[in-house]
Amino acid sequence: MKRCSEILPKQVCDYIPHAITRARVVQRGPGTGEEVRPTAHSWLADLRVFSSDLCAWTTESESPFKRFAPRTIPVTRHPFLGYGFEKARERTRARITATALDLERELPKIRAFALQ
């Protein structure tokens with residue numbers, strides 16, 4: 001494969017186990033520190049969003065991206081099922097909910113400070 005227009009869903013399905021293995025190595029490798037590390041789920045989510053955007057952009061008239069678009073959207077959510085990504089999505093949802101609740105609790109203090 002030499003172009004992104006040649007990407008097929010089968011190739012993405014074959015890439016998922018590799019991404020999981022690579023993410024485990026990167027996460028547990030030397031010098032990882034305390035910073036947030038990319039994971040297979042975030043890598044594959046970025047790949048999914050990019051491929052969907054690319055396919056959408058090619059539908060616009062006179063799009064310069066037409067030659068880069070694959071024949072079909074190569075990454076949907078269905079290939080991700082069964083790899084444990086449901087837990088990652090649930091953790092992300094819980095983290096966002098906790099952040100929203102924290103902000104909601106602090107909002108009255110922020111308003112009071114702004115009125116002073």
# chains A, B, ... in the order shown; residues from 1 in each chain; ligands from 1
>>> select_by_dssp(residues="chain A", states="helix (DSSP H, G or I)", output="JSON, numbers by chain")
{"A": [4, 5, 6, 9, 10, 11, 12, 13, 14, 15, 16, 17, 18, 19, 20, 21, 22, 23, 24, 25, 26, 27, 28, 40, 41, 42, 43, 44, 45, 46, 47, 48, 49, 50, 51, 52, 53, 54, 55, 56, 57, 66, 67, 68, 78, 79, 80, 85, 86, 87, 88, 89, 90, 91, 92, 93, 94, 95, 96, 97, 98, 99, 100, 101, 102, 103, 104, 105, 106, 107, 108, 109, 110, 111, 112, 113, 114, 115]}
>>> residues_around(residues="segment 16-29 of chain A", least_positions_apart="4", cutoff="9 Å", atoms="only C-alpha atoms", output="JSON, numbers by chain")
{"A": [11, 12, 37, 38, 39, 40, 41, 43, 44, 79, 80, 83]}
>>> atom_distance(atom1="atom CA of Arg71 of chain A", atom2="atom CA of Ser42 of chain A")
24.1 Å
>>> residues_around(residues="His78 of chain A", least_positions_apart="2", cutoff="12 Å", atoms="only C-alpha atoms", output="ChimeraX atom specification")
/A:9-10,12-13,16,48,73-76,80-83,85-86
>>> atom_distance(atom1="atom CA of Thr92 of chain A", atom2="atom CA of Glu104 of chain A")
18.3 Å
